[in-house]
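Containing mmCIF, C-alpha atoms: input.cif.
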```
data_data
loop_
_atom_site.group_PDB
_atom_site.id
_atom_site.type_symbol
_atom_site.label_atom_id
_atom_site.label_comp_id
_atom_site.auth_asym_id
_atom_site.auth_seq_id
_atom_site.Cartn_x
_atom_site.Cartn_y
_atom_site.Cartn_z
ATOM 1 C CA MET A 589 -14.929 5.794 -11.833
ATOM 2 C CA LEU A 590 -12.834 6.402 -8.726
ATOM 3 C CA ARG A 591 -11.258 9.829 -8.356
ATOM 4 C CA VAL A 592 -10.023 12.247 -5.700
ATOM 5 C CA ARG A 593 -12.572 14.991 -5.175
ATOM 6 C CA PRO A 594 -11.894 18.348 -6.894
ATOM 7 C CA GLY A 595 -9.401 20.597 -5.110
ATOM 8 C CA VAL A 596 -7.863 17.735 -3.111
ATOM 9 C CA THR A 597 -4.336 16.396 -3.652
ATOM 10 C CA LEU A 598 -3.296 12.986 -2.321
ATOM 11 C CA TYR A 599 0.297 11.806 -1.951
ATOM 12 C CA PHE A 600 0.586 8.112 -1.156
ATOM 13 C CA ALA A 601 3.395 5.606 -0.818
ATOM 14 C CA ARG A 602 4.104 2.032 0.161
ATOM 15 C CA HIS A 603 6.082 1.401 3.357
ATOM 16 C CA GLY A 604 9.822 0.654 3.109
ATOM 17 C CA GLN A 605 11.121 -2.844 2.441
ATOM 18 C CA THR A 606 10.592 -5.340 5.274
ATOM 19 C CA GLN A 607 12.342 -8.559 6.159
ATOM 20 C CA ALA A 608 9.409 -10.500 4.653
ATOM 21 C CA ASN A 609 9.639 -8.446 1.424
ATOM 22 C CA SER A 610 13.358 -9.195 1.129
ATOM 23 C CA GLU A 611 12.655 -12.915 1.606
ATOM 24 C CA LYS A 612 9.809 -12.784 -0.984
ATOM 25 C CA ARG A 613 7.205 -13.888 1.551
ATOM 26 C CA PHE A 614 3.503 -13.036 1.559
ATOM 27 C CA SER A 615 3.081 -10.223 4.059
ATOM 28 C CA GLY A 616 -0.431 -9.336 5.181
ATOM 29 C CA TYR A 617 -1.456 -8.460 8.724
ATOM 30 C CA ARG A 618 1.664 -10.037 10.268
ATOM 31 C CA ASP A 619 4.540 -7.582 10.517
ATOM 32 C CA THR A 620 8.279 -7.964 10.090
ATOM 33 C CA PRO A 621 10.709 -5.082 10.692
ATOM 34 C CA LEU A 622 12.016 -2.725 8.038
ATOM 35 C CA THR A 623 15.392 -3.732 6.616
ATOM 36 C CA GLY A 624 18.310 -1.322 6.244
ATOM 37 C CA LEU A 625 17.117 -0.694 2.686
ATOM 38 C CA GLY A 626 13.575 -0.196 3.989
ATOM 39 C CA LEU A 627 14.751 2.496 6.409
ATOM 40 C CA GLN A 628 16.576 4.193 3.528
ATOM 41 C CA GLN A 629 13.428 3.994 1.356
ATOM 42 C CA ALA A 630 11.379 5.613 4.129
ATOM 43 C CA ARG A 631 13.884 8.479 4.225
ATOM 44 C CA MET A 632 13.654 8.746 0.421
ATOM 45 C CA ILE A 633 9.858 9.123 0.699
ATOM 46 C CA GLY A 634 10.405 11.870 3.263
ATOM 47 C CA ASP A 635 12.875 13.638 0.974
ATOM 48 C CA ILE A 636 10.430 13.520 -1.951
ATOM 49 C CA LEU A 637 7.581 14.881 0.161
ATOM 50 C CA LYS A 638 9.765 17.622 1.664
ATOM 51 C CA ARG A 639 10.778 18.656 -1.871
ATOM 52 C CA GLU A 640 7.128 18.657 -3.002
ATOM 53 C CA LEU A 641 5.386 20.078 0.064
ATOM 54 C CA GLY A 642 7.926 21.909 2.249
ATOM 55 C CA ASP A 643 6.403 21.871 5.735
ATOM 56 C CA ALA A 644 3.176 20.342 4.302
ATOM 57 C CA ALA A 645 1.005 23.113 5.747
ATOM 58 C CA GLY A 646 -2.657 22.187 5.334
ATOM 59 C CA TYR A 647 -1.953 18.483 4.778
ATOM 60 C CA GLY A 648 -3.308 15.662 6.905
ATOM 61 C CA PHE A 649 -1.189 12.556 7.461
ATOM 62 C CA VAL A 650 -2.649 9.052 7.742
ATOM 63 C CA CYS A 651 -1.345 5.512 7.464
ATOM 64 C CA SER A 652 -2.232 1.884 7.965
ATOM 65 C CA PRO A 653 -2.047 0.868 11.642
ATOM 66 C CA LEU A 654 0.329 -1.990 10.808
ATOM 67 C CA ALA A 655 3.791 -1.431 12.317
ATOM 68 C CA ARG A 656 5.728 -1.295 9.041
ATOM 69 C CA ALA A 657 3.544 1.554 7.762
ATOM 70 C CA VAL A 658 3.635 3.385 11.108
ATOM 71 C CA THR A 659 7.446 3.160 11.268
ATOM 72 C CA THR A 660 7.713 4.439 7.691
ATOM 73 C CA MET A 661 5.395 7.363 8.453
ATOM 74 C CA GLN A 662 7.363 8.308 11.577
ATOM 75 C CA ILE A 663 10.604 8.381 9.554
ATOM 76 C CA VAL A 664 8.934 10.362 6.749
ATOM 77 C CA ARG A 665 7.725 13.005 9.184
ATOM 78 C CA ARG A 666 11.128 13.275 10.895
ATOM 79 C CA VAL A 667 12.793 13.835 7.522
ATOM 80 C CA MET A 668 10.208 16.522 6.767
ATOM 81 C CA GLY A 669 11.011 18.250 10.063
ATOM 82 C CA LEU A 670 7.616 17.379 11.561
ATOM 83 C CA ALA A 671 6.677 15.761 14.886
ATOM 84 C CA PRO A 672 7.027 12.013 14.210
ATOM 85 C CA ASP A 673 3.697 11.021 15.772
ATOM 86 C CA GLY A 674 1.519 13.742 14.242
ATOM 87 C CA PHE A 675 -0.636 11.427 12.104
ATOM 88 C CA ALA A 676 -3.754 9.279 12.232
ATOM 89 C CA THR A 677 -4.171 5.601 11.359
ATOM 90 C CA ASP A 678 -7.000 4.030 9.374
ATOM 91 C CA LYS A 679 -7.693 0.291 9.123
ATOM 92 C CA ARG A 680 -9.043 0.751 5.594
ATOM 93 C CA LEU A 681 -5.424 1.344 4.495
ATOM 94 C CA GLU A 682 -4.210 -2.002 5.879
ATOM 95 C CA GLU A 683 -2.607 -4.558 3.587
ATOM 96 C CA ILE A 684 -4.728 -7.290 2.059
ATOM 97 C CA ASN A 685 -5.471 -9.973 4.641
ATOM 98 C CA LEU A 686 -3.368 -12.918 3.466
ATOM 99 C CA GLY A 687 -4.854 -15.379 5.923
ATOM 100 C CA ASP A 688 -3.235 -18.811 5.859
ATOM 101 C CA TRP A 689 -0.520 -17.651 3.457
ATOM 102 C CA ASP A 690 0.831 -14.815 5.611
ATOM 103 C CA GLN A 691 4.651 -15.117 5.838
ATOM 104 C CA LEU A 692 4.818 -18.053 3.403
ATOM 105 C CA THR A 693 6.770 -18.059 0.144
ATOM 106 C CA ASP A 694 4.940 -18.720 -3.131
ATOM 107 C CA ASP A 695 6.180 -22.310 -3.108
ATOM 108 C CA GLU A 696 5.083 -22.881 0.485
ATOM 109 C CA ALA A 697 1.623 -21.410 -0.137
ATOM 110 C CA ARG A 698 1.162 -23.357 -3.358
ATOM 111 C CA ALA A 699 2.134 -26.614 -1.622
ATOM 112 C CA LEU A 700 -0.895 -26.265 0.705
ATOM 113 C CA ASP A 701 -3.324 -26.587 -2.240
ATOM 114 C CA PRO A 702 -1.776 -26.227 -5.720
ATOM 115 C CA ALA A 703 -5.097 -26.083 -7.592
ATOM 116 C CA TYR A 704 -6.520 -23.371 -5.344
ATOM 117 C CA PHE A 705 -3.255 -21.383 -5.470
ATOM 118 C CA ASP A 706 -3.357 -21.408 -9.274
ATOM 119 C CA ARG A 707 -7.056 -20.411 -9.403
ATOM 120 C CA ARG A 708 -6.403 -17.513 -7.023
ATOM 121 C CA SER A 709 -3.336 -16.407 -9.000
ATOM 122 C CA ALA A 710 -5.532 -16.236 -12.109
ATOM 123 C CA ASP A 711 -8.392 -14.365 -10.394
ATOM 124 C CA LYS A 712 -7.204 -12.266 -7.443
ATOM 125 C CA TRP A 713 -10.282 -10.041 -7.749
ATOM 126 C CA ASN A 714 -12.775 -12.755 -6.813
ATOM 127 C CA MET A 715 -10.746 -15.513 -5.151
ATOM 128 C CA ARG A 716 -9.926 -15.005 -1.484
ATOM 129 C CA VAL A 717 -6.688 -16.176 0.019
ATOM 130 C CA PRO A 718 -7.795 -18.967 2.439
ATOM 131 C CA GLY A 719 -8.752 -17.210 5.661
ATOM 132 C CA GLY A 720 -8.154 -13.805 4.053
ATOM 133 C CA GLU A 721 -9.429 -11.318 1.489
ATOM 134 C CA ASN A 722 -9.690 -10.901 -2.261
ATOM 135 C CA TYR A 723 -8.898 -7.778 -4.262
ATOM 136 C CA ALA A 724 -12.583 -6.787 -4.485
ATOM 137 C CA GLU A 725 -12.809 -6.548 -0.692
ATOM 138 C CA VAL A 726 -9.670 -4.417 -0.485
ATOM 139 C CA ALA A 727 -10.986 -2.235 -3.332
ATOM 140 C CA ALA A 728 -14.236 -1.651 -1.407
ATOM 141 C CA ARG A 729 -12.488 -0.402 1.731
ATOM 142 C CA VAL A 730 -9.942 1.716 -0.181
ATOM 143 C CA THR A 731 -12.776 3.263 -2.226
ATOM 144 C CA ASP A 732 -14.688 4.023 0.986
ATOM 145 C CA TRP A 733 -11.579 5.734 2.391
ATOM 146 C CA LEU A 734 -10.898 7.779 -0.757
ATOM 147 C CA ASP A 735 -14.544 8.833 -1.108
ATOM 148 C CA GLY A 736 -14.349 10.340 2.383
ATOM 149 C CA LEU A 737 -11.113 12.227 1.774
ATOM 150 C CA GLY A 738 -12.028 15.872 2.308
ATOM 151 C CA GLY A 739 -8.641 17.566 2.285
ATOM 152 C CA ASN A 740 -5.055 17.374 1.079
ATOM 153 C CA THR A 741 -3.497 14.203 2.468
ATOM 154 C CA VAL A 742 -0.264 12.219 2.737
ATOM 155 C CA ALA A 743 -0.893 8.483 3.178
ATOM 156 C CA ILE A 744 1.345 5.443 3.744
ATOM 157 C CA SER A 745 -0.038 2.010 2.944
ATOM 158 C CA HIS A 746 1.069 -1.335 1.503
ATOM 159 C CA GLY A 747 1.963 -3.115 -1.731
ATOM 160 C CA ALA A 748 -1.310 -4.723 -2.761
ATOM 161 C CA THR A 749 -3.388 -1.887 -1.284
ATOM 162 C CA THR A 750 -1.559 0.844 -3.210
ATOM 163 C CA ARG A 751 -1.540 -1.322 -6.350
ATOM 164 C CA ILE A 752 -5.332 -1.689 -6.111
ATOM 165 C CA LEU A 753 -5.786 2.045 -5.470
ATOM 166 C CA ARG A 754 -3.684 2.918 -8.525
ATOM 167 C CA GLY A 755 -5.623 0.386 -10.594
ATOM 168 C CA LEU A 756 -8.989 1.796 -9.535
ATOM 169 C CA LEU A 757 -7.910 5.360 -10.337
ATOM 170 C CA ALA A 758 -6.652 4.254 -13.758
ATOM 171 C CA GLY A 759 -9.845 2.308 -14.493
ATOM 172 C CA LEU A 760 -7.898 -0.932 -15.024
ATOM 173 C CA ASP A 761 -9.486 -4.354 -15.113
ATOM 174 C CA ALA A 762 -8.522 -6.915 -12.473
ATOM 175 C CA ALA A 763 -5.817 -8.578 -14.567
ATOM 176 C CA ALA A 764 -4.101 -5.294 -15.464
ATOM 177 C CA MET A 765 -4.375 -4.114 -11.852
ATOM 178 C CA SER A 766 -2.781 -7.337 -10.634
ATOM 179 C CA ALA A 767 0.127 -6.821 -13.049
ATOM 180 C CA LEU A 768 1.064 -3.381 -11.664
ATOM 181 C CA ASP A 769 4.369 -3.077 -9.831
ATOM 182 C CA GLU A 770 4.556 -2.360 -6.082
ATOM 183 C CA PRO A 771 7.518 0.042 -5.796
ATOM 184 C CA GLN A 772 9.062 1.177 -2.526
ATOM 185 C CA GLY A 773 10.896 4.456 -1.917
ATOM 186 C CA VAL A 774 8.683 6.392 -4.355
ATOM 187 C CA VAL A 775 5.576 8.570 -3.972
ATOM 188 C CA PHE A 776 2.437 8.797 -6.094
ATOM 189 C CA ARG A 777 0.602 12.128 -6.417
ATOM 190 C CA VAL A 778 -3.103 12.023 -7.253
ATOM 191 C CA ARG A 779 -5.259 14.891 -8.483
ATOM 192 C CA GLY A 780 -8.657 13.881 -9.800
ATOM 193 C CA ARG A 781 -7.853 10.595 -11.551
ATOM 194 C CA GLU A 782 -4.326 11.573 -12.654
ATOM 195 C CA VAL A 783 -1.621 9.557 -10.885
ATOM 196 C CA VAL A 784 1.991 10.760 -11.199
ATOM 197 C CA ARG A 785 4.977 8.800 -9.863
ATOM 198 C CA LEU A 786 7.578 10.911 -8.055
ATOM 199 C CA ASP A 787 11.092 9.547 -7.558
#
```

Starting from the coordinates I provided, produce the structure as structure tokens.
Amino acid sequence: MLRVRPGVTLYFARHGQTQANSEKRFSGYRDTPLTGLGLQQARMIGDILKRELGDAAGYGFVCSPLARAVTTMQIVRRVMGLAPDGFATDKRLEEINLGDWDQLTDDEARALDPAYFDRRSADKWNMRVPGGENYAEVAARVTDWLDGLGGNTVAISHGATTRILRGLLAGLDAAAMSALDEPQGVVFRVRGREVVRLD
């Protein structure tokens, strides 16, 4: 069962809303900029973390190297009164690779191969997006990252990636994990296996 090692606290969040999110498009490795709401959500994450951690002494900061996560982290750190670039990036926190579907709507992706789209929708754990990843592959890299987490950490990642992380910590099956929401502008605090949403 996945858990944060004893004595370690993890705060993690999804990046702020992007143009692709607002247009309900698949968004994997291809980036679109944060919207006005997304910039506001990044500031909200910073406010929550400042309330929880003050100057975050003793905390490491890490995010996905994708631009939308980096921009969110820079805003978060500014709001917290910290140097905006004082963080690391880790590819294991990247969004799921959405391959041929990246930047398509559901209808556009389904039109490419309706039968495959429906099979993947029913089994995201095992079925890869064409040219991309499945949930099991994302789970493996997120688990590898969490297993190596040696100290208190603030992390910014993505919708599917944070959904999968929350699902693994809760011990959910693939279907229940897939049904989790992907909120923006909130923070999740993890101690052991306990995940608490902070608004």

>> So that I can see what lies close to Arg639 (chain A), please list as a PyMOL selection string the residues with an atom at most 12 Å from it, counting all atoms listed in the file and leaving out residues fewer than 5 positions away in the same chain.
In response: chain A and resi 632-634+644+667-669+775+786-787

Export of prior selection with C-alpha atoms as a short mmCIF file (atom, residue, chain, number, x, y, z; two decimals), in the frame of the given file:
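Output below, filename again.cif:
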```cif
data_model
loop_
_atom_site.label_atom_id
_atom_site.label_comp_id
_atom_site.auth_asym_id
_atom_site.auth_seq_id
_atom_site.Cartn_x
_atom_site.Cartn_y
_atom_site.Cartn_z
CA MET A 632 13.65 8.75 0.42
CA ILE A 633 9.86 9.12 0.70
CA GLY A 634 10.40 11.87 3.26
CA ALA A 644 3.18 20.34 4.30
CA VAL A 667 12.79 13.84 7.52
CA MET A 668 10.21 16.52 6.77
CA GLY A 669 11.01 18.25 10.06
CA VAL A 775 5.58 8.57 -3.97
CA LEU A 786 7.58 10.91 -8.06
CA ASP A 787 11.09 9.55 -7.56
#
```

> Applied to this file, what does the PyMOL selection byres ((chain A and resi 592-604) around 8) return in terms of residues, put as an MDAnalysis selection string?
Replying inline: chainID A and resid 590:591 605:606 622:623 625:630 633 656:657 660:661 734:735 737:747 750 770:781

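Here CA of Asp690 (chain A) is placed at a distance of 6.7 Å from CA of Arg618 (chain A).
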
>> Can you measure CA of Ala697 (chain A) to CA of Gly624 (chain A) for me? One decimal in Å is fine.
In response: 26.9 Å

> region 676-680 of chain A: which residues within 10 Å, counting only C-alpha atoms, same-chain residues fewer than 5 positions away excluded, as a PyMOL selection string?
Replying inline: chain A and resi 648-654+657-658+726-734+743-745+749

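Across the model, the gap from CA of Leu757 (chain A) to CA of Arg665 (chain A) is 26.2 Å.
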
>> Let me make sure I understand: among A:Pro621, A:Gly642, A:Gly687, A:Gly755, which one has the smallest atom-to-atom distance to Trp713 (chain A) if we use only C-alpha atoms?
In response: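 Residue with the minimum atom-to-atom distance to Trp713 (chain A): A:Gly755.
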
>> List as a VMD selection string the protein and nucleic acid residues near Tyr704 (chain A), meaning an atom at most 9 Å away when all atoms listed in the file are counted, but skip any in the same chain fewer than 4 places from it.
In response: chain A and resid 698 700 708 to 709 715 717

> For Lys612 (chain A), which residue among A:Leu753, A:Asp761, A:Thr693, A:Arg785 is the nearest when counting all atoms listed in the file?
Replying inline: A:Thr693

>> With only C-alpha atoms as the counted atoms, please give the residues lying no more than 7 Å from Ala748 (chain A), apart from itself and same-chain residues fewer than 4 positions off, as a list in words.
In response: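 So the residues in contact are Glu683, Ile684 and Ile752 of chain A.
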
Return as AutoDock Vina command-line options the box centre and box size in Å, one decimal, for an axis-aligned box around all listed atoms of region 731-748 of chain A padded by 5 Å per side.
```
--center_x -6.4 --center_y 6.4 --center_z 0.5 --size_x 26.7 --size_y 32.3 --size_z 16.5
```

>> Considering all atoms listed in the file, can you say which of A:Ser610, A:Ala671, A:Ile663, A:Ala762 comes closest to Ala710 (chain A)?
In response: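 Of A:Ser610, A:Ala671, A:Ile663, A:Ala762, the one nearest Ala710 (chain A) is A:Ala762, counting all atoms listed in the file.
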
Using the incomplete input, complete region 635-648 of chain A to the level of N, CA, C and O atoms; output as an mmCIF file, in the coordinates of the input.
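For reference, rebuild.cif as written:
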```
data_model
loop_
_atom_site.group_PDB
_atom_site.id
_atom_site.type_symbol
_atom_site.label_atom_id
_atom_site.label_comp_id
_atom_site.auth_asym_id
_atom_site.auth_seq_id
_atom_site.Cartn_x
_atom_site.Cartn_y
_atom_site.Cartn_z
ATOM 1 N N ASP A 635 12.180 12.648 1.802
ATOM 2 C CA ASP A 635 12.875 13.638 0.974
ATOM 3 C C ASP A 635 11.997 14.107 -0.186
ATOM 4 O O ASP A 635 11.946 15.307 -0.496
ATOM 5 N N ILE A 636 11.316 13.164 -0.830
ATOM 6 C CA ILE A 636 10.430 13.520 -1.951
ATOM 7 C C ILE A 636 9.312 14.437 -1.475
ATOM 8 O O ILE A 636 9.010 15.458 -2.098
ATOM 9 N N LEU A 637 8.703 14.087 -0.348
ATOM 10 C CA LEU A 637 7.581 14.881 0.161
ATOM 11 C C LEU A 637 8.050 16.257 0.648
ATOM 12 O O LEU A 637 7.343 17.258 0.461
ATOM 13 N N LYS A 638 9.230 16.324 1.238
ATOM 14 C CA LYS A 638 9.765 17.622 1.664
ATOM 15 C C LYS A 638 10.012 18.501 0.450
ATOM 16 O O LYS A 638 9.711 19.705 0.467
ATOM 17 N N ARG A 639 10.547 17.917 -0.622
ATOM 18 C CA ARG A 639 10.778 18.656 -1.871
ATOM 19 C C ARG A 639 9.455 19.159 -2.456
ATOM 20 O O ARG A 639 9.358 20.290 -2.937
ATOM 21 N N GLU A 640 8.424 18.312 -2.397
ATOM 22 C CA GLU A 640 7.128 18.657 -3.002
ATOM 23 C C GLU A 640 6.303 19.615 -2.141
ATOM 24 O O GLU A 640 5.611 20.483 -2.670
ATOM 25 N N LEU A 641 6.353 19.424 -0.819
ATOM 26 C CA LEU A 641 5.386 20.078 0.064
ATOM 27 C C LEU A 641 5.988 21.026 1.085
ATOM 28 O O LEU A 641 5.245 21.692 1.805
ATOM 29 N N GLY A 642 7.327 21.073 1.205
ATOM 30 C CA GLY A 642 7.926 21.909 2.249
ATOM 31 C C GLY A 642 7.502 21.406 3.615
ATOM 32 O O GLY A 642 7.689 20.236 3.948
ATOM 33 N N ASP A 643 6.852 22.284 4.396
ATOM 34 C CA ASP A 643 6.403 21.871 5.735
ATOM 35 C C ASP A 643 5.007 21.240 5.703
ATOM 36 O O ASP A 643 4.435 20.934 6.751
ATOM 37 N N ALA A 644 4.468 21.024 4.494
ATOM 38 C CA ALA A 644 3.176 20.342 4.302
ATOM 39 C C ALA A 644 2.035 21.038 5.036
ATOM 40 O O ALA A 644 1.109 20.383 5.520
ATOM 41 N N ALA A 645 2.088 22.360 5.105
ATOM 42 C CA ALA A 645 1.005 23.113 5.747
ATOM 43 C C ALA A 645 -0.331 22.785 5.074
ATOM 44 O O ALA A 645 -0.426 22.767 3.845
ATOM 45 N N GLY A 646 -1.334 22.502 5.862
ATOM 46 C CA GLY A 646 -2.657 22.187 5.334
ATOM 47 C C GLY A 646 -2.858 20.737 4.944
ATOM 48 O O GLY A 646 -3.934 20.374 4.476
ATOM 49 N N TYR A 647 -1.839 19.902 5.116
ATOM 50 C CA TYR A 647 -1.953 18.483 4.778
ATOM 51 C C TYR A 647 -2.210 17.641 6.021
ATOM 52 O O TYR A 647 -1.588 17.847 7.062
ATOM 53 N N GLY A 648 -3.129 16.684 5.892
ATOM 54 C CA GLY A 648 -3.308 15.662 6.905
ATOM 55 C C GLY A 648 -2.424 14.472 6.588
ATOM 56 O O GLY A 648 -2.097 14.224 5.418
#
```
